[in-house]
Amino acid sequence: MKHIYTILIATVLLTACGGEKKGKSVEDLVASDNLTELKQKREEVDAKQQELAEQLKLINNRISELDTIKKLPLVTTVSIKSEKFEHYLELQGNVQTKQNLVIYPEMAGTLTRVYVKEGQSVSKGQVLATIDDGGLSQQVAQLQIQADLAKTTFERQERLWNQKIGSEIQYLQAKSSYEAQQRAVSQLKSQLAKTSVRAPFTGVIDDVITDQGSVVAPGQSQLMRIVNLEDMYIETDVPENYISNITVNKTVKVEFPILGKSMDAKIRQAGNFINPANRTFKIEVAVPNKDKSIKPNLTAKLKINDYSNDNAILIPQSIISENADGEQYIYIIENKNSDNEGKAKRVIIETGKSQGDVIEVTKGLENSAEIIQEGARSVNDGQTVKVINQ
């Protein structure tokens, strides 16, 4: 091999020396500005260059045949096989509950008693606090006495009327007076009932906002917050292009990063309105909360399966390159011999959905093909490479 390189160098030197003896040097020709001689010299140099290129090619070919230690690019490969692929739409939402309420008084007055404290469980209808009635209970008692008298008068007048004693007008007046008194008592009692603040649903007192003894007013004074942690759900926005895939009863993988907790849930409601501002629709995912660890406004990550393929061809995204035409390509190994040497072949592919660090190949790659993984970006089409898989 050393003798071949020596012969090639000697040939170049002899050719160059012979050219200098037969004619002017290149520097002299350039200095003479003789266009005809310069063109002739260029043709001579081009011819010599082509001759040397052919000789160099022959030498390289012979070296590759004789050299037992080749410096080939080292790569690793992986054989492709079809497998199940599930793509998940990943979203983020907040936990909410429809039973999360701040209680306001329905009547003005002094908050005389608060019967509950923060963290206490209460039942629907339970009295939570009372407001001073301002003498309203005494008015109810007085009105009740008048109502009882009207009732007695009506009952006696009714018995006489049934015996055909007395006039009809007396009977109707007694009946009208009795009914009017009953309505007046009922109305006043409903007003008096507003002095008792009751739980609108079963839940937990999350916060007592107003202290006992404070003066409160309807629609202005916040008394306390009550929360029910049983009927929890996650609400989030979904892009409109998923409207046909994200439907009611679809399974959702829910993860709560703060709690280190995950669970399977289902979509209980999918919106029918597309928000024109961001082209999304809302969904609600019911969340079981038996241990009461999930709280309102807690951040949750949702993964919803929107595409599945039982025979998908998956490859790492990191090995995909792109040419000037925007086409994606990878390299595969062909004609691998017993020494694990083969040719790298560039293959144009089309891809679909990705999940994590893998992507589905929808066109251009056959099952069982051997693709170059490590070293994929440092090889060329048609180049001989050596596979060094463990």
# chains A, B, ... in the order shown; residues from 1 in each chain; ligands from 1
>>> select_by_dssp(residues="range 53-223 of chain A", states="strand (DSSP E)", output="PyMOL selection string")
chain A and resi 74-75+77-79+83-97+100-103+109-114+121-122+127-131+196-198+203-208+215-216
>>> residues_around(residues="range 136-139 of chain A", least_positions_apart="6", cutoff="10 Å", atoms="only C-alpha atoms", output="ChimeraX atom specification")
/A:185,188-189,191-193,195
>>> closest_residue(among="A:Gln157, A:Asn245, A:Thr236, A:Ser176", to="Val95 in chain A", atoms="only C-alpha atoms")
A:Thr236
>>> residues_around(residues="Ile226 in chain A", least_positions_apart="3", cutoff="12 Å", atoms="only C-alpha atoms", output="PDB file with N, CA and C atoms, in the first residue's frame")
ATOM      1  N   THR A  97     -66.631  22.063  42.494  1.00  0.00           N
ATOM      2  CA  THR A  97     -67.821  21.422  43.014  1.00  0.00           C
ATOM      3  C   THR A  97     -68.969  22.399  42.876  1.00  0.00           C
ATOM      4  N   LYS A  98     -70.135  21.877  42.531  1.00  0.00           N
ATOM      5  CA  LYS A  98     -71.312  22.744  42.415  1.00  0.00           C
ATOM      6  C   LYS A  98     -71.860  23.104  43.790  1.00  0.00           C
ATOM      7  N   GLN A  99     -71.440  22.375  44.810  1.00  0.00           N
ATOM      8  CA  GLN A  99     -71.880  22.661  46.166  1.00  0.00           C
ATOM      9  C   GLN A  99     -70.748  23.319  46.944  1.00  0.00           C
ATOM     10  N   ASN A 100     -70.455  24.522  46.569  1.00  0.00           N
ATOM     11  CA  ASN A 100     -69.448  25.357  47.212  1.00  0.00           C
ATOM     12  C   ASN A 100     -70.065  26.744  47.324  1.00  0.00           C
ATOM     13  N   LEU A 101     -70.583  27.065  48.502  1.00  0.00           N
ATOM     14  CA  LEU A 101     -71.475  28.218  48.625  1.00  0.00           C
ATOM     15  C   LEU A 101     -71.105  29.098  49.806  1.00  0.00           C
ATOM     16  N   VAL A 102     -71.165  30.410  49.572  1.00  0.00           N
ATOM     17  CA  VAL A 102     -71.052  31.382  50.657  1.00  0.00           C
ATOM     18  C   VAL A 102     -72.473  31.741  51.084  1.00  0.00           C
ATOM     19  N   ILE A 103     -72.759  31.592  52.364  1.00  0.00           N
ATOM     20  CA  ILE A 103     -74.109  31.817  52.890  1.00  0.00           C
ATOM     21  C   ILE A 103     -74.262  33.273  53.312  1.00  0.00           C
ATOM     22  N   TYR A 104     -75.344  33.899  52.835  1.00  0.00           N
ATOM     23  CA  TYR A 104     -75.690  35.272  53.201  1.00  0.00           C
ATOM     24  C   TYR A 104     -76.974  35.254  54.039  1.00  0.00           C
ATOM     25  N   VAL A 116     -71.873  26.753  64.772  1.00  0.00           N
ATOM     26  CA  VAL A 116     -70.901  25.855  64.137  1.00  0.00           C
ATOM     27  C   VAL A 116     -69.515  26.487  64.137  1.00  0.00           C
ATOM     28  N   LYS A 117     -68.517  25.654  63.852  1.00  0.00           N
ATOM     29  CA  LYS A 117     -67.146  26.150  63.734  1.00  0.00           C
ATOM     30  C   LYS A 117     -66.520  25.582  62.461  1.00  0.00           C
ATOM     31  N   GLU A 118     -65.395  26.113  62.077  1.00  0.00           N
ATOM     32  CA  GLU A 118     -64.724  25.689  60.847  1.00  0.00           C
ATOM     33  C   GLU A 118     -64.328  24.220  60.917  1.00  0.00           C
ATOM     34  N   GLY A 119     -64.580  23.504  59.816  1.00  0.00           N
ATOM     35  CA  GLY A 119     -64.259  22.088  59.748  1.00  0.00           C
ATOM     36  C   GLY A 119     -65.365  21.178  60.241  1.00  0.00           C
ATOM     37  N   GLN A 120     -66.465  21.753  60.723  1.00  0.00           N
ATOM     38  CA  GLN A 120     -67.554  20.943  61.262  1.00  0.00           C
ATOM     39  C   GLN A 120     -68.456  20.440  60.141  1.00  0.00           C
ATOM     40  N   SER A 121     -68.836  19.176  60.222  1.00  0.00           N
ATOM     41  CA  SER A 121     -69.771  18.602  59.248  1.00  0.00           C
ATOM     42  C   SER A 121     -71.189  18.933  59.670  1.00  0.00           C
ATOM     43  N   VAL A 122     -72.006  19.308  58.703  1.00  0.00           N
ATOM     44  CA  VAL A 122     -73.392  19.676  58.981  1.00  0.00           C
ATOM     45  C   VAL A 122     -74.306  18.968  57.994  1.00  0.00           C
ATOM     46  N   SER A 123     -75.578  18.848  58.373  1.00  0.00           N
ATOM     47  CA  SER A 123     -76.583  18.210  57.532  1.00  0.00           C
ATOM     48  C   SER A 123     -77.487  19.263  56.923  1.00  0.00           C
ATOM     49  N   LYS A 124     -78.109  18.891  55.823  1.00  0.00           N
ATOM     50  CA  LYS A 124     -79.036  19.802  55.154  1.00  0.00           C
ATOM     51  C   LYS A 124     -80.169  20.198  56.103  1.00  0.00           C
ATOM     52  N   LEU A 128     -77.444  26.861  61.534  1.00  0.00           N
ATOM     53  CA  LEU A 128     -76.035  27.236  61.645  1.00  0.00           C
ATOM     54  C   LEU A 128     -75.842  28.480  62.508  1.00  0.00           C
ATOM     55  N   ARG A 198     -79.863  28.287  57.954  1.00  0.00           N
ATOM     56  CA  ARG A 198     -79.805  26.831  57.872  1.00  0.00           C
ATOM     57  C   ARG A 198     -78.884  26.383  56.737  1.00  0.00           C
ATOM     58  N   ALA A 199     -78.361  25.183  56.866  1.00  0.00           N
ATOM     59  CA  ALA A 199     -77.470  24.616  55.843  1.00  0.00           C
ATOM     60  C   ALA A 199     -78.287  24.257  54.597  1.00  0.00           C
ATOM     61  N   PRO A 200     -77.906  24.774  53.410  1.00  0.00           N
ATOM     62  CA  PRO A 200     -78.670  24.469  52.192  1.00  0.00           C
ATOM     63  C   PRO A 200     -78.436  23.053  51.677  1.00  0.00           C
ATOM     64  N   PHE A 201     -77.334  22.421  52.114  1.00  0.00           N
ATOM     65  CA  PHE A 201     -77.042  21.047  51.732  1.00  0.00           C
ATOM     66  C   PHE A 201     -76.077  20.455  52.766  1.00  0.00           C
ATOM     67  N   THR A 202     -75.920  19.160  52.713  1.00  0.00           N
ATOM     68  CA  THR A 202     -74.983  18.480  53.619  1.00  0.00           C
ATOM     69  C   THR A 202     -73.549  18.763  53.178  1.00  0.00           C
ATOM     70  N   GLY A 203     -72.703  19.128  54.112  1.00  0.00           N
ATOM     71  CA  GLY A 203     -71.321  19.439  53.755  1.00  0.00           C
ATOM     72  C   GLY A 203     -70.476  19.766  54.974  1.00  0.00           C
ATOM     73  N   VAL A 204     -69.441  20.536  54.740  1.00  0.00           N
ATOM     74  CA  VAL A 204     -68.498  20.924  55.798  1.00  0.00           C
ATOM     75  C   VAL A 204     -68.398  22.444  55.823  1.00  0.00           C
ATOM     76  N   ILE A 205     -68.407  23.012  57.021  1.00  0.00           N
ATOM     77  CA  ILE A 205     -68.209  24.457  57.166  1.00  0.00           C
ATOM     78  C   ILE A 205     -66.735  24.755  56.944  1.00  0.00           C
ATOM     79  N   ASP A 206     -66.424  25.376  55.826  1.00  0.00           N
ATOM     80  CA  ASP A 206     -65.032  25.626  55.467  1.00  0.00           C
ATOM     81  C   ASP A 206     -64.497  26.894  56.117  1.00  0.00           C
ATOM     82  N   ASP A 207     -65.386  27.875  56.333  1.00  0.00           N
ATOM     83  CA  ASP A 207     -64.912  29.153  56.874  1.00  0.00           C
ATOM     84  C   ASP A 207     -66.083  29.874  57.532  1.00  0.00           C
ATOM     85  N   VAL A 208     -65.891  30.327  58.761  1.00  0.00           N
ATOM     86  CA  VAL A 208     -66.860  31.192  59.436  1.00  0.00           C
ATOM     87  C   VAL A 208     -66.367  32.618  59.262  1.00  0.00           C
ATOM     88  N   ILE A 209     -67.096  33.390  58.452  1.00  0.00           N
ATOM     89  CA  ILE A 209     -66.597  34.695  58.026  1.00  0.00           C
ATOM     90  C   ILE A 209     -66.993  35.806  58.999  1.00  0.00           C
ATOM     91  N   GLN A 222     -71.312  38.349  54.385  1.00  0.00           N
ATOM     92  CA  GLN A 222     -70.991  36.938  54.199  1.00  0.00           C
ATOM     93  C   GLN A 222     -70.871  36.285  55.579  1.00  0.00           C
ATOM     94  N   LEU A 223     -71.698  35.271  55.807  1.00  0.00           N
ATOM     95  CA  LEU A 223     -71.700  34.632  57.117  1.00  0.00           C
ATOM     96  C   LEU A 223     -70.675  33.511  57.203  1.00  0.00           C
ATOM     97  N   LEU A 229     -67.635  17.972  49.587  1.00  0.00           N
ATOM     98  CA  LEU A 229     -66.500  17.383  48.878  1.00  0.00           C
ATOM     99  C   LEU A 229     -66.829  16.040  48.228  1.00  0.00           C
ATOM    100  N   PRO A 296     -61.475  21.720  46.231  1.00  0.00           N
ATOM    101  CA  PRO A 296     -61.806  22.630  45.122  1.00  0.00           C
ATOM    102  C   PRO A 296     -60.604  23.471  44.703  1.00  0.00           C
TER     103      PRO A 296
END
>>> residues_around(residues="range 218-220 of chain A", least_positions_apart="4", cutoff="10 Å", atoms="only C-alpha atoms", output="list in words")
Ile103, Tyr104, Pro105, Glu106, Met107, Ala108 and Gly109 of chain A
>>> select_by_dssp(residues="range 81-277 of chain A", states="helix (DSSP H, G or I)", output="number ranges by chain")
A: 136-162, 168-193, 240-242
>>> write_last_selection(atoms="C-alpha atoms", output="PDB file, in the first residue's frame")
ATOM      1  CA  LEU A 136     -90.965  39.617  65.357  1.00  0.00           C
ATOM      2  CA  SER A 137     -91.643  36.522  67.490  1.00  0.00           C
ATOM      3  CA  GLN A 138     -93.893  38.590  69.794  1.00  0.00           C
ATOM      4  CA  GLN A 139     -95.843  39.844  66.821  1.00  0.00           C
ATOM      5  CA  VAL A 140     -96.330  36.266  65.678  1.00  0.00           C
ATOM      6  CA  ALA A 141     -97.636  35.308  69.144  1.00  0.00           C
ATOM      7  CA  GLN A 142    -100.131  38.179  69.188  1.00  0.00           C
ATOM      8  CA  LEU A 143    -101.282  37.433  65.675  1.00  0.00           C
ATOM      9  CA  GLN A 144    -101.655  33.768  66.560  1.00  0.00           C
ATOM     10  CA  ILE A 145    -104.074  34.686  69.380  1.00  0.00           C
ATOM     11  CA  GLN A 146    -106.213  36.646  66.942  1.00  0.00           C
ATOM     12  CA  ALA A 147    -106.068  33.760  64.497  1.00  0.00           C
ATOM     13  CA  ASP A 148    -107.213  31.303  67.177  1.00  0.00           C
ATOM     14  CA  LEU A 149    -110.173  33.574  68.012  1.00  0.00           C
ATOM     15  CA  ALA A 150    -111.077  33.847  64.352  1.00  0.00           C
ATOM     16  CA  LYS A 151    -110.944  30.066  64.088  1.00  0.00           C
ATOM     17  CA  THR A 152    -113.283  29.596  67.069  1.00  0.00           C
ATOM     18  CA  THR A 153    -115.725  32.173  65.710  1.00  0.00           C
ATOM     19  CA  PHE A 154    -115.717  30.530  62.297  1.00  0.00           C
ATOM     20  CA  GLU A 155    -116.285  27.032  63.719  1.00  0.00           C
ATOM     21  CA  ARG A 156    -119.293  28.199  65.736  1.00  0.00           C
ATOM     22  CA  GLN A 157    -120.728  30.136  62.823  1.00  0.00           C
ATOM     23  CA  GLU A 158    -120.256  27.083  60.630  1.00  0.00           C
ATOM     24  CA  ARG A 159    -122.193  24.840  63.021  1.00  0.00           C
ATOM     25  CA  LEU A 160    -125.071  27.369  63.107  1.00  0.00           C
ATOM     26  CA  TRP A 161    -125.035  27.643  59.337  1.00  0.00           C
ATOM     27  CA  ASN A 162    -125.200  23.873  59.011  1.00  0.00           C
ATOM     28  CA  GLU A 168    -125.071  33.312  54.967  1.00  0.00           C
ATOM     29  CA  ILE A 169    -123.247  36.616  55.118  1.00  0.00           C
ATOM     30  CA  GLN A 170    -122.355  36.025  58.770  1.00  0.00           C
ATOM     31  CA  TYR A 171    -120.921  32.622  57.856  1.00  0.00           C
ATOM     32  CA  LEU A 172    -118.878  34.026  54.948  1.00  0.00           C
ATOM     33  CA  GLN A 173    -117.552  36.920  57.051  1.00  0.00           C
ATOM     34  CA  ALA A 174    -116.388  34.518  59.779  1.00  0.00           C
ATOM     35  CA  LYS A 175    -114.735  32.273  57.192  1.00  0.00           C
ATOM     36  CA  SER A 176    -113.005  35.213  55.450  1.00  0.00           C
ATOM     37  CA  SER A 177    -111.701  36.602  58.760  1.00  0.00           C
ATOM     38  CA  TYR A 178    -110.329  33.199  59.779  1.00  0.00           C
ATOM     39  CA  GLU A 179    -108.539  32.641  56.463  1.00  0.00           C
ATOM     40  CA  ALA A 180    -107.062  36.154  56.494  1.00  0.00           C
ATOM     41  CA  GLN A 181    -105.692  35.621  60.007  1.00  0.00           C
ATOM     42  CA  GLN A 182    -104.182  32.284  58.976  1.00  0.00           C
ATOM     43  CA  ARG A 183    -102.402  33.856  56.016  1.00  0.00           C
ATOM     44  CA  ALA A 184    -101.107  36.713  58.164  1.00  0.00           C
ATOM     45  CA  VAL A 185     -99.687  34.262  60.723  1.00  0.00           C
ATOM     46  CA  SER A 186     -98.128  32.131  57.988  1.00  0.00           C
ATOM     47  CA  GLN A 187     -96.506  35.157  56.349  1.00  0.00           C
ATOM     48  CA  LEU A 188     -95.097  36.431  59.611  1.00  0.00           C
ATOM     49  CA  LYS A 189     -93.772  32.965  60.510  1.00  0.00           C
ATOM     50  CA  SER A 190     -91.953  32.764  57.180  1.00  0.00           C
ATOM     51  CA  GLN A 191     -90.316  36.081  57.991  1.00  0.00           C
ATOM     52  CA  LEU A 192     -89.389  34.804  61.431  1.00  0.00           C
ATOM     53  CA  ALA A 193     -87.879  31.633  59.900  1.00  0.00           C
ATOM     54  CA  GLU A 240     -62.686  21.955  18.809  1.00  0.00           C
ATOM     55  CA  ASN A 241     -60.894  19.487  16.499  1.00  0.00           C
ATOM     56  CA  TYR A 242     -61.372  16.798  19.188  1.00  0.00           C
TER      57      TYR A 242
END
>>> residues_around(residues="Leu91 in chain A", least_positions_apart="3", cutoff="9 Å", atoms="only C-alpha atoms", output="compact mmCIF listing (two decimals) with C-alpha atoms, in the first residue's frame")
# COMPACT_ATOMS: atom_id res chain seq x y z
CA THR A 236 -61.38 22.08 31.33
CA ASP A 237 -61.39 23.40 27.75
CA VAL A 238 -60.84 21.03 24.80
CA ALA A 300 -55.23 18.21 37.80
CA LYS A 301 -53.65 16.74 34.65
CA LEU A 302 -55.94 14.86 32.28
CA LYS A 303 -54.99 12.25 29.67
CA ILE A 304 -57.76 11.25 27.26
>>> residues_around(residues="Asn340 in chain A", least_positions_apart="4", cutoff="9 Å", atoms="only C-alpha atoms", output="PyMOL selection string")
chain A and resi 336+385-388
>>> decode(residues="range 70-144 of chain A", atoms="C-alpha atoms", output="mmCIF file, in the first residue's frame")
data_model
loop_
_atom_site.group_PDB
_atom_site.id
_atom_site.type_symbol
_atom_site.label_atom_id
_atom_site.label_comp_id
_atom_site.auth_asym_id
_atom_site.auth_seq_id
_atom_site.Cartn_x
_atom_site.Cartn_y
_atom_site.Cartn_z
ATOM 1 C CA LYS A 70 -11.546 -0.456 7.892
ATOM 2 C CA LYS A 71 -12.524 2.838 9.464
ATOM 3 C CA LEU A 72 -16.306 2.507 9.073
ATOM 4 C CA PRO A 73 -18.891 4.635 10.887
ATOM 5 C CA LEU A 74 -20.215 2.793 13.928
ATOM 6 C CA VAL A 75 -23.987 2.737 14.431
ATOM 7 C CA THR A 76 -26.605 0.951 16.484
ATOM 8 C CA THR A 77 -29.827 -0.339 15.022
ATOM 9 C CA VAL A 78 -33.219 -1.528 16.135
ATOM 10 C CA SER A 79 -35.590 -3.837 14.295
ATOM 11 C CA ILE A 80 -39.071 -2.452 13.825
ATOM 12 C CA LYS A 81 -42.106 -4.488 14.756
ATOM 13 C CA SER A 82 -45.745 -3.487 14.904
ATOM 14 C CA GLU A 83 -47.195 -2.879 18.347
ATOM 15 C CA LYS A 84 -50.187 -1.323 20.034
ATOM 16 C CA PHE A 85 -50.135 2.465 20.091
ATOM 17 C CA GLU A 86 -52.438 4.686 22.116
ATOM 18 C CA HIS A 87 -52.329 8.446 21.769
ATOM 19 C CA TYR A 88 -53.516 10.611 24.630
ATOM 20 C CA LEU A 89 -54.672 14.197 24.552
ATOM 21 C CA GLU A 90 -53.086 15.901 27.563
ATOM 22 C CA LEU A 91 -54.981 18.729 29.248
ATOM 23 C CA GLN A 92 -54.974 20.610 32.522
ATOM 24 C CA GLY A 93 -57.970 21.588 34.615
ATOM 25 C CA ASN A 94 -59.121 22.640 38.059
ATOM 26 C CA VAL A 95 -61.224 20.677 40.518
ATOM 27 C CA GLN A 96 -64.604 22.237 41.225
ATOM 28 C CA THR A 97 -67.821 21.422 43.014
ATOM 29 C CA LYS A 98 -71.312 22.744 42.415
ATOM 30 C CA GLN A 99 -71.880 22.661 46.166
ATOM 31 C CA ASN A 100 -69.448 25.357 47.212
ATOM 32 C CA LEU A 101 -71.475 28.218 48.625
ATOM 33 C CA VAL A 102 -71.052 31.382 50.657
ATOM 34 C CA ILE A 103 -74.109 31.817 52.890
ATOM 35 C CA TYR A 104 -75.690 35.272 53.201
ATOM 36 C CA PRO A 105 -78.419 36.314 55.663
ATOM 37 C CA GLU A 106 -81.975 36.816 54.464
ATOM 38 C CA MET A 107 -82.788 39.262 57.227
ATOM 39 C CA ALA A 108 -81.090 42.298 58.704
ATOM 40 C CA GLY A 109 -80.156 42.317 62.377
ATOM 41 C CA THR A 110 -77.611 41.265 64.941
ATOM 42 C CA LEU A 111 -76.002 37.828 64.584
ATOM 43 C CA THR A 112 -76.899 36.600 68.060
ATOM 44 C CA ARG A 113 -75.584 33.029 67.874
ATOM 45 C CA VAL A 114 -73.213 31.004 65.676
ATOM 46 C CA TYR A 115 -73.653 27.290 66.339
ATOM 47 C CA VAL A 116 -70.901 25.855 64.137
ATOM 48 C CA LYS A 117 -67.146 26.150 63.734
ATOM 49 C CA GLU A 118 -64.724 25.689 60.847
ATOM 50 C CA GLY A 119 -64.259 22.088 59.748
ATOM 51 C CA GLN A 120 -67.554 20.943 61.262
ATOM 52 C CA SER A 121 -69.771 18.602 59.248
ATOM 53 C CA VAL A 122 -73.392 19.676 58.981
ATOM 54 C CA SER A 123 -76.583 18.210 57.532
ATOM 55 C CA LYS A 124 -79.036 19.802 55.154
ATOM 56 C CA GLY A 125 -81.483 22.017 57.081
ATOM 57 C CA GLN A 126 -79.357 22.188 60.225
ATOM 58 C CA VAL A 127 -79.425 25.575 62.017
ATOM 59 C CA LEU A 128 -76.035 27.236 61.645
ATOM 60 C CA ALA A 129 -76.720 30.635 63.225
ATOM 61 C CA THR A 130 -79.563 32.889 64.414
ATOM 62 C CA ILE A 131 -80.254 36.577 63.880
ATOM 63 C CA ASP A 132 -82.097 38.800 66.359
ATOM 64 C CA ASP A 133 -85.737 38.968 65.214
ATOM 65 C CA GLY A 134 -86.339 42.487 66.520
ATOM 66 C CA GLY A 135 -89.585 41.548 68.307
ATOM 67 C CA LEU A 136 -90.965 39.617 65.357
ATOM 68 C CA SER A 137 -91.643 36.522 67.490
ATOM 69 C CA GLN A 138 -93.893 38.590 69.794
ATOM 70 C CA GLN A 139 -95.843 39.844 66.821
ATOM 71 C CA VAL A 140 -96.330 36.266 65.678
ATOM 72 C CA ALA A 141 -97.636 35.308 69.144
ATOM 73 C CA GLN A 142 -100.131 38.179 69.188
ATOM 74 C CA LEU A 143 -101.282 37.433 65.675
ATOM 75 C CA GLN A 144 -101.655 33.768 66.560
#
